[in-house]
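Undergrad: I am sharing upload.txt, which consists of compact mmCIF, C-alpha atoms and all ligand atoms:
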# COMPACT_ATOMS: atom_id res chain seq x y z
CA MET H 148 -181.11 43.60 86.27
CA SER H 149 -177.48 43.66 85.10
CA LYS H 150 -176.05 46.61 83.20
CA ILE H 151 -175.73 44.45 80.06
CA ALA H 152 -179.37 43.34 80.33
CA GLU H 153 -180.37 47.04 80.57
CA ILE H 154 -178.34 47.91 77.48
CA LEU H 155 -179.80 45.02 75.50
CA LYS H 156 -183.31 46.41 76.11
CA LYS H 157 -182.47 49.70 74.35
CA GLU H 158 -183.65 50.59 70.84
CA THR H 159 -180.29 52.07 69.84
CA PHE H 160 -176.80 51.76 71.28
CA THR H 161 -174.45 54.60 72.11
CA GLN H 162 -170.70 54.27 71.73
CA SER H 163 -170.38 53.63 75.46
CA ASP H 164 -173.12 50.94 75.34
CA ILE H 165 -171.19 49.14 72.61
CA ILE H 166 -167.96 49.32 74.59
CA SER H 167 -169.72 47.76 77.59
CA LEU H 168 -171.02 44.96 75.35
CA LEU H 169 -167.54 44.40 73.92
CA GLU H 170 -166.18 44.15 77.46
CA SER H 171 -168.85 41.69 78.63
CA GLU H 172 -167.68 38.35 80.00
CA GLY H 173 -169.24 35.24 81.54
CA ASP H 174 -173.04 35.40 82.01
CA ASP H 175 -173.17 38.88 80.49
CA LYS H 176 -171.49 37.69 77.32
CA GLN H 177 -173.90 34.75 77.12
CA LEU H 178 -176.79 37.19 77.47
CA LEU H 179 -175.46 39.14 74.49
CA PHE H 180 -175.07 35.99 72.38
CA LYS H 181 -178.53 34.75 73.37
CA GLU H 182 -180.11 38.02 72.28
CA SER H 183 -178.25 38.14 68.95
CA ALA H 184 -179.15 34.50 68.20
CA LYS H 185 -182.80 35.26 68.97
CA ILE H 186 -182.83 38.28 66.66
CA LYS H 187 -181.15 36.31 63.89
CA LYS H 188 -183.82 33.61 64.09
CA GLU H 189 -186.66 36.15 64.10
CA GLN H 190 -185.34 38.38 61.35
CA VAL H 191 -183.40 36.30 58.85
CA GLU H 192 -184.31 32.80 60.07
CA ASN H 193 -181.78 30.09 60.82
CA ILE H 194 -180.80 29.74 57.18
CA VAL H 195 -177.19 29.92 55.99
CA TYR H 196 -176.46 30.98 52.43
CA TYR H 197 -173.37 29.87 50.57
CA ARG H 198 -171.19 32.10 48.41
CA GLY H 199 -168.61 30.05 46.52
CA LEU H 200 -165.39 32.00 46.93
CA ILE H 201 -163.04 32.07 43.93
CA GLU H 202 -159.71 33.69 44.82
CA PHE H 203 -158.74 33.95 41.19
CA SER H 204 -155.43 35.81 41.47
CA ASN H 205 -153.00 36.84 44.19
CA ILE H 206 -151.36 39.49 42.04
CA CYS H 207 -151.80 42.83 43.77
CA ASP H 208 -150.57 46.35 43.05
CA LYS H 209 -151.07 47.48 46.63
CA ASN H 210 -149.07 47.20 49.79
CA CYS H 211 -151.45 47.06 52.76
CA GLU H 212 -149.12 46.47 55.69
CA TYR H 213 -151.09 43.59 57.19
CA CYS H 214 -151.59 41.47 54.08
CA GLY H 215 -149.44 38.49 53.11
CA ILE H 216 -150.00 38.92 49.36
CA ARG H 217 -149.01 42.60 49.29
CA ALA H 218 -147.04 43.62 46.19
CA ASP H 219 -143.70 43.90 47.98
CA ASN H 220 -143.78 40.37 49.43
CA SER H 221 -141.37 38.71 47.01
CA ASN H 222 -141.73 35.33 48.77
CA VAL H 223 -145.22 34.83 47.34
CA GLN H 224 -145.57 32.61 44.31
CA ARG H 225 -147.96 34.64 42.17
CA TYR H 226 -150.79 32.94 40.28
CA ASN H 227 -153.62 33.90 37.99
CA LEU H 228 -156.35 31.39 37.18
CA THR H 229 -157.27 31.05 33.52
CA ASN H 230 -160.75 32.14 32.45
CA GLU H 231 -161.60 28.46 31.89
CA GLU H 232 -160.60 27.56 35.46
CA ILE H 233 -162.71 30.40 36.85
CA ILE H 234 -165.75 29.46 34.77
CA LYS H 235 -165.32 25.82 35.79
CA ALA H 236 -165.28 26.83 39.47
CA ALA H 237 -168.43 28.94 38.95
CA ASP H 238 -170.00 25.93 37.27
CA PHE H 239 -169.17 23.79 40.28
CA ALA H 240 -170.94 26.34 42.49
CA TYR H 241 -173.98 26.38 40.20
CA LYS H 242 -174.25 22.58 40.04
CA ASN H 243 -173.90 22.30 43.81
CA CYS H 244 -176.74 24.80 44.37
CA TYR H 245 -174.54 27.55 45.84
CA ALA H 246 -176.59 30.08 43.80
CA SER H 247 -173.97 32.74 44.32
CA ILE H 248 -170.22 33.23 43.91
CA VAL H 249 -167.65 35.79 45.05
CA LEU H 250 -164.87 36.78 42.67
CA GLN H 251 -161.99 37.97 44.82
CA ALA H 252 -158.39 38.89 43.95
CA GLY H 253 -155.55 41.24 44.68
CA GLU H 254 -156.24 44.78 43.55
CA LEU H 255 -155.40 45.75 39.97
CA ALA H 256 -156.90 48.64 38.06
CA ASN H 257 -155.37 48.36 34.60
CA LYS H 258 -157.44 48.10 31.41
CA VAL H 259 -156.60 44.46 30.73
CA PHE H 260 -157.81 43.46 34.22
CA ILE H 261 -160.99 45.55 33.98
CA ASN H 262 -161.86 44.12 30.57
CA ARG H 263 -161.11 40.60 31.76
CA VAL H 264 -163.42 40.88 34.76
CA THR H 265 -166.18 42.30 32.52
CA THR H 266 -165.85 39.34 30.17
CA LEU H 267 -165.75 36.87 33.06
CA ILE H 268 -168.95 38.23 34.59
CA GLU H 269 -170.72 38.00 31.23
CA LYS H 270 -169.47 34.47 30.55
CA ILE H 271 -170.37 33.19 34.01
CA LYS H 272 -173.85 34.67 33.75
CA LYS H 273 -174.31 33.06 30.34
CA SER H 274 -173.01 29.65 31.36
CA THR H 275 -175.36 29.55 34.35
CA ASN H 276 -178.54 30.63 32.52
CA ASN H 277 -178.28 34.03 34.17
CA GLU H 278 -179.10 32.29 37.44
CA ILE H 279 -175.97 32.61 39.55
CA GLY H 280 -175.49 35.70 41.71
CA ILE H 281 -172.11 37.43 41.42
CA THR H 282 -170.42 39.33 44.24
CA LEU H 283 -167.16 41.15 43.55
CA SER H 284 -164.33 41.82 45.98
CA LEU H 285 -161.78 43.56 43.80
CA GLY H 286 -160.89 46.65 45.76
CA GLU H 287 -160.94 50.30 44.75
CA GLN H 288 -161.93 51.11 41.18
CA THR H 289 -163.31 54.11 39.28
CA GLU H 290 -167.03 54.81 39.05
CA GLU H 291 -166.92 53.85 35.39
CA THR H 292 -165.44 50.44 36.20
CA TYR H 293 -167.90 49.73 39.01
CA GLN H 294 -170.74 50.71 36.67
CA ARG H 295 -169.42 48.53 33.87
CA TRP H 296 -169.19 45.47 36.09
CA PHE H 297 -172.66 46.18 37.47
CA ASN H 298 -174.07 46.45 33.94
CA SER H 299 -172.41 43.13 33.08
CA GLY H 300 -174.30 41.35 35.86
CA ALA H 301 -172.47 41.70 39.19
CA HIS H 302 -174.85 42.89 41.89
CA ARG H 303 -173.01 42.79 45.20
CA TYR H 304 -169.65 44.28 46.16
CA LEU H 305 -167.50 43.71 49.24
CA LEU H 306 -165.10 46.46 50.22
CA ARG H 307 -164.01 46.47 53.82
CA ILE H 308 -163.30 49.87 55.31
CA GLU H 309 -160.76 47.91 57.45
CA THR H 310 -161.01 50.50 60.25
CA THR H 311 -163.00 53.73 60.50
CA ASN H 312 -160.30 55.44 62.55
CA SER H 313 -158.50 57.40 59.82
CA ASN H 314 -155.33 57.65 61.94
CA LEU H 315 -155.25 53.90 62.46
CA TYR H 316 -155.94 53.46 58.74
CA LYS H 317 -152.77 55.49 58.10
CA GLU H 318 -150.80 53.33 60.55
CA ILE H 319 -151.66 50.12 58.75
CA HIS H 320 -151.23 51.36 55.18
CA PRO H 321 -148.37 53.03 53.34
CA ASN H 322 -148.68 56.79 53.32
CA ASN H 323 -149.46 57.43 49.66
CA ILE H 324 -152.32 58.20 47.31
CA ARG H 325 -153.04 54.51 46.54
CA HIS H 326 -153.80 53.84 50.19
CA ASN H 327 -156.11 56.65 51.16
CA PHE H 328 -158.92 56.50 53.70
CA GLU H 329 -161.04 59.13 51.92
CA THR H 330 -160.80 57.23 48.63
CA ARG H 331 -161.99 54.07 50.37
CA LEU H 332 -165.02 55.94 51.71
CA GLN H 333 -165.74 57.46 48.31
CA CYS H 334 -165.62 54.01 46.71
CA LEU H 335 -168.22 52.75 49.17
CA GLU H 336 -170.44 55.74 48.30
CA LEU H 337 -170.04 55.07 44.58
CA LEU H 338 -171.01 51.41 44.98
CA LYS H 339 -174.14 52.41 46.86
CA LYS H 340 -175.04 55.05 44.26
CA ILE H 341 -174.71 52.57 41.39
CA GLY H 342 -177.09 50.16 43.09
CA TYR H 343 -174.88 47.35 44.36
CA GLN H 344 -175.71 45.58 47.60
CA VAL H 345 -172.78 46.95 49.53
CA GLY H 346 -170.77 44.95 52.00
CA SER H 347 -168.12 46.36 54.27
CA GLY H 348 -166.36 45.38 57.45
CA VAL H 349 -163.26 45.68 59.55
CA MET H 350 -160.41 43.66 60.97
CA VAL H 351 -160.74 43.08 64.68
CA GLY H 352 -157.77 43.12 67.05
CA LEU H 353 -155.35 45.23 65.00
CA PRO H 354 -152.34 46.68 66.77
CA PHE H 355 -153.21 50.17 68.16
CA GLN H 356 -156.95 49.49 67.81
CA THR H 357 -159.11 50.37 70.84
CA TYR H 358 -162.60 49.34 71.93
CA SER H 359 -163.74 52.89 71.09
CA ASP H 360 -162.48 52.34 67.53
CA LEU H 361 -164.45 49.11 67.28
CA ALA H 362 -167.58 50.74 68.68
CA ASN H 363 -167.20 53.53 66.10
CA ASP H 364 -166.79 50.91 63.37
CA LEU H 365 -170.18 49.43 64.25
CA LEU H 366 -171.79 52.86 64.43
CA PHE H 367 -170.31 53.67 61.01
CA MET H 368 -171.87 50.56 59.49
CA LYS H 369 -175.25 51.56 60.87
CA ILE H 370 -174.97 55.18 59.68
CA PHE H 371 -173.65 54.21 56.25
CA ASP H 372 -176.51 51.70 56.12
CA ILE H 373 -174.53 48.76 54.74
CA ASP H 374 -176.38 45.72 53.38
CA MET H 375 -173.76 43.08 54.19
CA CYS H 376 -170.85 42.75 56.53
CA GLY H 377 -167.68 40.68 56.76
CA MET H 378 -165.59 41.10 59.89
CA GLY H 379 -162.71 38.89 60.84
CA PRO H 380 -159.93 38.80 63.40
CA TYR H 381 -156.66 40.35 62.28
CA ILE H 382 -154.06 37.57 62.06
CA GLU H 383 -150.40 38.48 61.80
CA HIS H 384 -148.21 37.41 58.89
CA SER H 385 -144.44 37.30 59.38
CA GLU H 386 -143.69 38.69 55.91
CA THR H 387 -145.55 41.95 56.45
CA PRO H 388 -144.48 45.27 58.03
CA LEU H 389 -147.23 45.11 60.67
CA TYR H 390 -145.65 41.97 62.10
CA GLN H 391 -143.18 44.17 63.99
CA PHE H 392 -146.05 45.23 66.27
CA ARG H 393 -147.11 41.69 67.18
CA HIS H 394 -146.13 42.30 70.80
CA LEU H 395 -149.04 44.78 70.98
CA LEU H 396 -151.61 42.18 69.97
CA GLU H 397 -154.10 40.49 72.23
CA PRO H 398 -153.84 36.68 72.19
CA LYS H 399 -155.55 35.16 69.14
CA GLU H 400 -158.33 33.64 71.29
CA LYS H 401 -159.18 37.11 72.60
CA ARG H 402 -159.31 38.54 69.06
CA PHE H 403 -161.57 35.64 68.14
CA GLU H 404 -163.97 36.30 71.05
CA LEU H 405 -163.97 40.00 70.26
CA THR H 406 -164.94 39.28 66.65
CA LEU H 407 -167.84 37.12 67.84
CA LYS H 408 -169.00 39.96 70.06
CA MET H 409 -168.74 42.43 67.15
CA ILE H 410 -170.91 40.11 65.02
CA ALA H 411 -173.46 39.67 67.81
CA ILE H 412 -173.72 43.43 68.48
CA LEU H 413 -174.04 44.22 64.78
CA ARG H 414 -176.82 41.62 64.40
CA ILE H 415 -178.73 43.44 67.16
CA MET H 416 -178.02 46.87 65.65
CA MET H 417 -178.75 45.91 62.02
CA LYS H 418 -181.22 43.07 62.32
CA ASP H 419 -181.83 42.14 58.68
CA ILE H 420 -178.43 42.54 57.00
CA ASN H 421 -176.32 39.64 55.76
CA ILE H 422 -173.33 38.90 58.01
CA ALA H 423 -170.55 36.57 56.89
CA ALA H 424 -168.77 34.08 59.09
CA SER H 425 -165.24 34.87 57.89
CA THR H 426 -162.58 32.28 57.10
CA ALA H 427 -160.17 34.04 59.46
CA LEU H 428 -162.37 32.89 62.37
CA GLN H 429 -161.70 29.30 61.37
CA ALA H 430 -157.94 30.00 61.25
CA ILE H 431 -158.06 30.58 65.02
CA ASP H 432 -160.72 28.07 66.05
CA PRO H 433 -161.56 25.04 63.87
CA MET H 434 -165.25 25.58 64.74
CA GLY H 435 -164.96 29.36 64.40
CA ARG H 436 -167.40 29.88 61.56
CA GLU H 437 -170.00 27.61 63.16
CA LYS H 438 -169.75 29.60 66.38
CA ALA H 439 -170.34 32.81 64.39
CA ILE H 440 -173.40 31.28 62.72
CA LYS H 441 -174.86 30.37 66.09
CA ILE H 442 -174.71 33.95 67.35
CA GLY H 443 -175.73 35.94 64.30
CA ALA H 444 -173.88 35.31 61.04
CA ASN H 445 -175.89 33.92 58.10
CA ILE H 446 -173.41 33.70 55.21
CA ILE H 447 -170.57 31.25 54.62
CA MET H 448 -168.09 31.52 51.78
CA PRO H 449 -166.78 28.03 51.00
CA ASN H 450 -163.54 28.25 49.10
CA ILE H 451 -163.98 26.80 45.60
CA THR H 452 -160.62 27.98 44.23
CA PRO H 453 -158.85 24.97 42.68
CA GLY H 454 -156.81 23.38 45.49
CA LYS H 455 -153.40 23.73 43.86
CA TYR H 456 -153.56 27.55 44.07
CA ARG H 457 -154.90 27.91 47.59
CA ASN H 458 -151.59 27.75 49.34
CA ASN H 459 -150.57 30.95 47.60
CA TYR H 460 -153.50 33.09 48.75
CA LYS H 461 -152.17 33.41 52.25
CA LEU H 462 -153.29 36.72 53.65
CA TYR H 463 -152.30 35.54 57.13
CA GLU H 464 -150.75 32.51 58.75
CA ASN H 465 -152.66 29.23 59.35
CA LYS H 466 -155.22 29.97 56.63
CA PRO H 467 -157.52 26.91 56.76
CA CYS H 468 -158.55 24.49 53.98
CA THR H 469 -155.55 25.26 51.77
CA ASN H 470 -155.00 21.55 51.14
CA GLU H 471 -158.56 20.72 50.10
CA ASP H 472 -160.52 20.83 46.89
CA ALA H 473 -164.03 22.21 46.42
CA GLU H 474 -165.75 18.80 46.76
CA GLU H 475 -164.05 18.08 50.08
CA CYS H 476 -164.93 21.56 51.37
CA ASN H 477 -168.56 21.05 50.41
CA SER H 478 -169.15 17.83 52.33
CA CYS H 479 -167.19 19.09 55.33
CA LEU H 480 -169.30 22.26 55.48
CA GLU H 481 -172.65 20.54 55.16
CA MET H 482 -171.83 18.46 58.18
CA ARG H 483 -170.62 21.48 60.11
CA ILE H 484 -173.72 23.59 59.41
CA SER H 485 -176.02 20.78 60.51
CA LEU H 486 -174.32 21.02 63.89
CA THR H 487 -175.40 24.62 64.33
CA ASP H 488 -179.17 24.17 64.27
CA ASN H 489 -179.23 26.03 60.94
CA GLU H 490 -180.16 24.83 57.47
CA ILE H 491 -178.56 25.63 54.13
CA GLY H 492 -180.42 27.98 51.77
CA ASP H 493 -179.76 25.69 48.80
CA GLY H 494 -180.30 27.26 45.41
CA LYS H 495 -181.44 30.63 46.80
CA TRP H 496 -179.53 33.87 46.20
CA GLY H 497 -180.04 34.88 49.79
CA ASP H 498 -179.95 38.59 49.04
CA SER H 499 -179.69 41.00 51.92
CA LEU H 500 -183.23 41.48 53.28
CA HIS H 501 -182.13 44.90 54.42
CA PHE H 502 -181.35 45.86 50.82
CA ILE H 503 -184.62 44.41 49.52
CA LYS H 504 -186.73 46.26 52.11
CA LYS H 505 -184.86 49.53 51.52
CA ASN H 506 -185.58 49.34 47.81
CA LEU H 507 -189.24 48.54 48.32
CA GLN H 508 -189.57 51.77 50.27
CA THR H 509 -188.03 53.98 47.57
N1 LIG H 601 -157.82 43.12 47.39
C1 LIG H 601 -159.17 43.29 47.77
C2 LIG H 601 -159.33 44.25 48.92
O1 LIG H 601 -158.36 44.56 49.59
O2 LIG H 601 -160.48 44.68 49.14
C3 LIG H 601 -159.86 41.98 48.11
C4 LIG H 601 -159.01 40.91 48.70
S1 LIG H 601 -158.34 41.27 50.30
C5 LIG H 601 -157.23 39.99 50.51
C6 LIG H 601 -159.72 40.86 51.36
C7 LIG H 601 -159.60 41.22 52.81
O3 LIG H 601 -158.60 40.42 53.44
C8 LIG H 601 -159.17 42.62 53.15
O4 LIG H 601 -160.23 43.52 53.05
C9 LIG H 601 -158.65 42.47 54.59
O5 LIG H 601 -159.62 42.87 55.54
C10 LIG H 601 -158.42 40.95 54.72
N2 LIG H 601 -157.05 40.68 55.22
C11 LIG H 601 -155.89 40.96 54.62
N3 LIG H 601 -154.84 40.64 55.41
C12 LIG H 601 -155.36 40.15 56.56
C13 LIG H 601 -154.81 39.67 57.79
N4 LIG H 601 -153.49 39.64 57.99
N5 LIG H 601 -155.66 39.23 58.76
C14 LIG H 601 -157.00 39.25 58.56
N6 LIG H 601 -157.57 39.72 57.43
C15 LIG H 601 -156.78 40.16 56.44
FE1 LIG H 602 -153.86 43.78 48.01
FE2 LIG H 602 -156.28 43.51 49.18
FE3 LIG H 602 -154.04 42.50 50.29
FE4 LIG H 602 -154.39 45.14 50.25
S1 LIG H 602 -155.68 43.63 51.33
S2 LIG H 602 -152.51 44.07 49.74
S3 LIG H 602 -155.41 45.41 48.27
S4 LIG H 602 -154.98 41.88 48.39
Give the structure from this file in structure tokens form.
Ligand code: SAM
Ligand code: SF4
TA:
Amino acid sequence: MSKIAEILKKETFTQSDIISLLESEGDDKQLLFKESAKIKKEQVENIVYYRGLIEFSNICDKNCEYCGIRADNSNVQRYNLTNEEIIKAADFAYKNCYASIVLQAGELANKVFINRVTTLIEKIKKSTNNEIGITLSLGEQTEETYQRWFNSGAHRYLLRIETTNSNLYKEIHPNNIRHNFETRLQCLELLKKIGYQVGSGVMVGLPFQTYSDLANDLLFMKIFDIDMCGMGPYIEHSETPLYQFRHLLEPKEKRFELTLKMIAILRIMMKDINIAASTALQAIDPMGREKAIKIGANIIMPNITPGKYRNNYKLYENKPCTNEDAEECNSCLEMRISLTDNEIGDGKWGDSLHFIKKNLQT
């Protein structure tokens, strides 16, 4: 029996097991993917849930060194959807049986922004008969703000840890109080304490990142006991400081493969969580998200931001679907999912089973 086959039989993986799985190639890699696909089918079934993604503003106060919409990038045309446009997009999701939306934007923490998001959550809930699920991806906020948004009706929150190596975190962020690894961790703890379904994740293939870092990232997600995960390949953007280290990067195809392996390993380690097939996968391979669904992911976030704004939410280069509108995205996705031997969980929230089971126990 091969070393990889031996590892795949274990109940829990050590850091060195995970590194071996990340290094697997050829038949070994196929063995890993076969196992993760099997576990997905057994544990969460071959059902894909949609989260309509509304990237409602690219205005950001922060300066993460990898991100194209960072505050200091003066080449970005900034936009902010009106409340009516956001509610209309949520309505589109509701009518098309998405059952759930994600409100994502650059990070702001001023009063006007906090009040606006509170109002938006309430209005969206009201206009959809309280039926649509709301996930937020709005960065680091105070406990009070997280609680307020939770009380208004949001019930899931995505906050990627980006990397669990605190030194690497420092390398890819400015060295100041607004970009602090400990604060990020504390925010994740707060979200859990309040009762959100908590999603986290990392970028894969960052400059200076090692396989040990990636293995530790997966172990962190297990120990922290996340409910959802979104991991995507890091893709360079020429108008960001991290671009200067592009010579240290693996080829994009390798970062893509590595992300698939991370998803597969996590599916085996955390069998019943929700795992997203990130848009960044599709930026490298047109069938990227479908490949992720085949080997373990069960969430897709179709972009339902009005088409005219999409070109300005460019976190990285070659971001896909920036020239489409929500209707076009919808029909394109349905066709793509049918190719993966999965069906769409129409009209169902598709909450993290991991979260549901955890709460039944307590
Ligand atoms: N501002 C919020 C935050 O940072 O949590 C939410 C929006 S932010 C654009 C969402 C995610 O985009 C980040 O967590 C980061 O992982 C990802 N991202 C940013 N720049 C990227 C890049 N160049 N390549 C891949 N992913 C990137
Ligand atoms: Fe802003 Fe998020 Fe981009 Fe950082 S990753 S610069 S917080 S939008």
Undergrad: Check the smallest atom-to-atom distance from each of H:Ala301, H:Val345, H:Leu337, H:Leu178 to Ile279 (chain H) using all atoms listed in the file, then report the winner.
TA: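 Under the stated criterion, the closest residue is H:Ala301.
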Undergrad: If I wrap all listed atoms of ligand LIG 602 (chain H) in a box with edges along x, y and z and add 5 Å on each side, what are its centre and edge lengths in Å to one decimal, as JSON?
TA:
{"center_x": -154.4, "center_y": 43.6, "center_z": 49.7, "size_x": 13.8, "size_y": 13.5, "size_z": 13.3}
Undergrad: Do you know which residues are within 8 Å of ligand LIG 602 (chain H) using only C-alpha atoms and all ligand atoms? Can you write them as a PDB file with C-alpha atoms, in the frame of the given file?
TA:
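After the write, pocket36.pdb holds the following:
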ATOM      1  CA  ASN H 205    -153.000  36.840  44.190  1.00  0.00           C
ATOM      2  CA  ILE H 206    -151.360  39.490  42.040  1.00  0.00           C
ATOM      3  CA  CYS H 207    -151.800  42.830  43.770  1.00  0.00           C
ATOM      4  CA  ASP H 208    -150.570  46.350  43.050  1.00  0.00           C
ATOM      5  CA  LYS H 209    -151.070  47.480  46.630  1.00  0.00           C
ATOM      6  CA  ASN H 210    -149.070  47.200  49.790  1.00  0.00           C
ATOM      7  CA  CYS H 211    -151.450  47.060  52.760  1.00  0.00           C
ATOM      8  CA  GLU H 212    -149.120  46.470  55.690  1.00  0.00           C
ATOM      9  CA  TYR H 213    -151.090  43.590  57.190  1.00  0.00           C
ATOM     10  CA  CYS H 214    -151.590  41.470  54.080  1.00  0.00           C
ATOM     11  CA  GLY H 215    -149.440  38.490  53.110  1.00  0.00           C
ATOM     12  CA  ILE H 216    -150.000  38.920  49.360  1.00  0.00           C
ATOM     13  CA  ARG H 217    -149.010  42.600  49.290  1.00  0.00           C
ATOM     14  CA  ALA H 218    -147.040  43.620  46.190  1.00  0.00           C
ATOM     15  CA  ALA H 252    -158.390  38.890  43.950  1.00  0.00           C
ATOM     16  CA  GLY H 253    -155.550  41.240  44.680  1.00  0.00           C
ATOM     17  CA  GLU H 254    -156.240  44.780  43.550  1.00  0.00           C
ATOM     18  CA  LEU H 285    -161.780  43.560  43.800  1.00  0.00           C
ATOM     19  CA  GLY H 286    -160.890  46.650  45.760  1.00  0.00           C
ATOM     20  CA  LEU H 462    -153.290  36.720  53.650  1.00  0.00           C
TER      21      LEU H 462
END
Undergrad: Taking (-172.8, 44.0, 58.7) as a centre in this file's frame and 12 Å as the limit, can you find every polymer residue with an atom that close, using only C-alpha atoms, and give them as an MDAnalysis selection string?
TA: chainID H and resid 305:308 344:349 364:379 409:425 443:446 499 501:502
Undergrad: Please list as JSON, numbers by chain every residue within 12 Å of Lys273 (chain H), counting all atoms listed in the file and excluding residues in the same chain fewer than 6 positions away.
TA: {"H": [234, 237, 238, 241, 266, 267, 279, 280, 299, 300]}
Undergrad: Filtering to C-alpha atoms, could you give me those residues as a PDB file, in the frame of the given file?
TA:
ATOM      1  CA  ILE H 234    -165.750  29.460  34.770  1.00  0.00           C
ATOM      2  CA  ALA H 237    -168.430  28.940  38.950  1.00  0.00           C
ATOM      3  CA  ASP H 238    -170.000  25.930  37.270  1.00  0.00           C
ATOM      4  CA  TYR H 241    -173.980  26.380  40.200  1.00  0.00           C
ATOM      5  CA  THR H 266    -165.850  39.340  30.170  1.00  0.00           C
ATOM      6  CA  LEU H 267    -165.750  36.870  33.060  1.00  0.00           C
ATOM      7  CA  ILE H 279    -175.970  32.610  39.550  1.00  0.00           C
ATOM      8  CA  GLY H 280    -175.490  35.700  41.710  1.00  0.00           C
ATOM      9  CA  SER H 299    -172.410  43.130  33.080  1.00  0.00           C
ATOM     10  CA  GLY H 300    -174.300  41.350  35.860  1.00  0.00           C
TER      11      GLY H 300
END
Undergrad: Would you list the contacts of region 352-361 of chain H as a list in words, taking every protein, DNA or RNA residue within 7 Å and counting only C-alpha atoms, but skipping same-chain residues closer than 5 positions in sequence?
TA: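 The residues satisfying every condition are Ile166, Asn312, Pro380, Tyr381, Phe392, Leu395, Leu396, Glu397 and Arg402 of chain H.
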Undergrad: Separation of CA of Thr387 (chain H) and CA of Pro449 (chain H), in Å?
TA: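 Computing it gives 26.0 Å between the two atoms.
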Undergrad: Which is closer to Asp219 (chain H) than all the others in H:Pro453, H:Leu405, H:Met434, H:Pro388, using all atoms listed in the file?
TA: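 So, comparing all the options, the nearest one is H:Pro388.
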Undergrad: With only C-alpha atoms as the basis for distance, which of H:Thr289, H:Ser171, H:Gln251, H:Asn227 is at the shortest distance from Gln333 (chain H)?
TA: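 Among H:Thr289, H:Ser171, H:Gln251, H:Asn227, it is H:Thr289 that comes nearest to Gln333 (chain H).
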Undergrad: Can you work out the spacing between CA of Asn277 (chain H) and CA of Tyr293 (chain H) in Å, to one decimal?
TA: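 CA of Asn277 (chain H) sits 19.4 Å away from CA of Tyr293 (chain H).
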Undergrad: Hey, which of H:Ser183, H:Met448, H:Arg225, H:Asp432 ends up closest to Lys401 (chain H)? Count all atoms listed in the file.
TA: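 Using all atoms listed in the file, Lys401 (chain H) sits closest to H:Asp432.
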Undergrad: One decimal, Å: what's the distance from CA of Thr452 (chain H) over to CA of Glu202 (chain H), could you say?
TA: 5.8 Å
Undergrad: Using all atoms listed in the file, which residue out of H:Glu278, H:Val351, H:Leu389, H:Glu189 lies closest to His320 (chain H)?
TA: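 Counting all atoms listed in the file, the residue closest to His320 (chain H) is H:Leu389.
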Undergrad: Just checking: using only C-alpha atoms and all ligand atoms, which residue out of H:Leu407, H:Ile491, H:Ile201, H:Ala236 ends up closest to ligand LIG 601 (chain H)?
TA: H:Ile201
Undergrad: Can you list, as a PyMOL selection string, every protein, DNA or RNA residue that comes within 12 Å of Asp175 (chain H) when you count only C-alpha atoms, leaving out same-chain residues fewer than 2 positions away?
TA: chain H and resi 148-155+167-173+177-182+408
Undergrad: As a tab-separated table (two decimals), in the coordinates of the input, could you write out region 336-343 of chain H once it has been completed with N, CA, C and O atoms?
TA:
chain	number	residue	atom	x	y	z
H	336	GLU	N	-169.33	54.88	48.73
H	336	GLU	CA	-170.44	55.74	48.30
H	336	GLU	C	-170.82	55.47	46.85
H	336	GLU	O	-171.99	55.39	46.50
H	337	LEU	N	-169.79	55.32	46.00
H	337	LEU	CA	-170.04	55.07	44.58
H	337	LEU	C	-170.81	53.76	44.38
H	337	LEU	O	-171.75	53.68	43.60
H	338	LEU	N	-170.37	52.73	45.11
H	338	LEU	CA	-171.01	51.41	44.98
H	338	LEU	C	-172.49	51.49	45.35
H	338	LEU	O	-173.35	50.91	44.69
H	339	LYS	N	-172.75	52.24	46.40
H	339	LYS	CA	-174.14	52.41	46.86
H	339	LYS	C	-174.94	53.15	45.78
H	339	LYS	O	-176.04	52.74	45.43
H	340	LYS	N	-174.35	54.24	45.26
H	340	LYS	CA	-175.04	55.05	44.26
H	340	LYS	C	-175.39	54.23	43.01
H	340	LYS	O	-176.49	54.34	42.46
H	341	ILE	N	-174.48	53.37	42.60
H	341	ILE	CA	-174.71	52.57	41.39
H	341	ILE	C	-175.82	51.55	41.59
H	341	ILE	O	-176.55	51.20	40.66
H	342	GLY	N	-175.99	51.10	42.82
H	342	GLY	CA	-177.09	50.16	43.09
H	342	GLY	C	-176.65	48.78	43.54
H	342	GLY	O	-177.46	47.85	43.61
H	343	TYR	N	-175.34	48.62	43.81
H	343	TYR	CA	-174.88	47.35	44.36
H	343	TYR	C	-175.46	47.14	45.76
H	343	TYR	O	-175.73	48.11	46.49
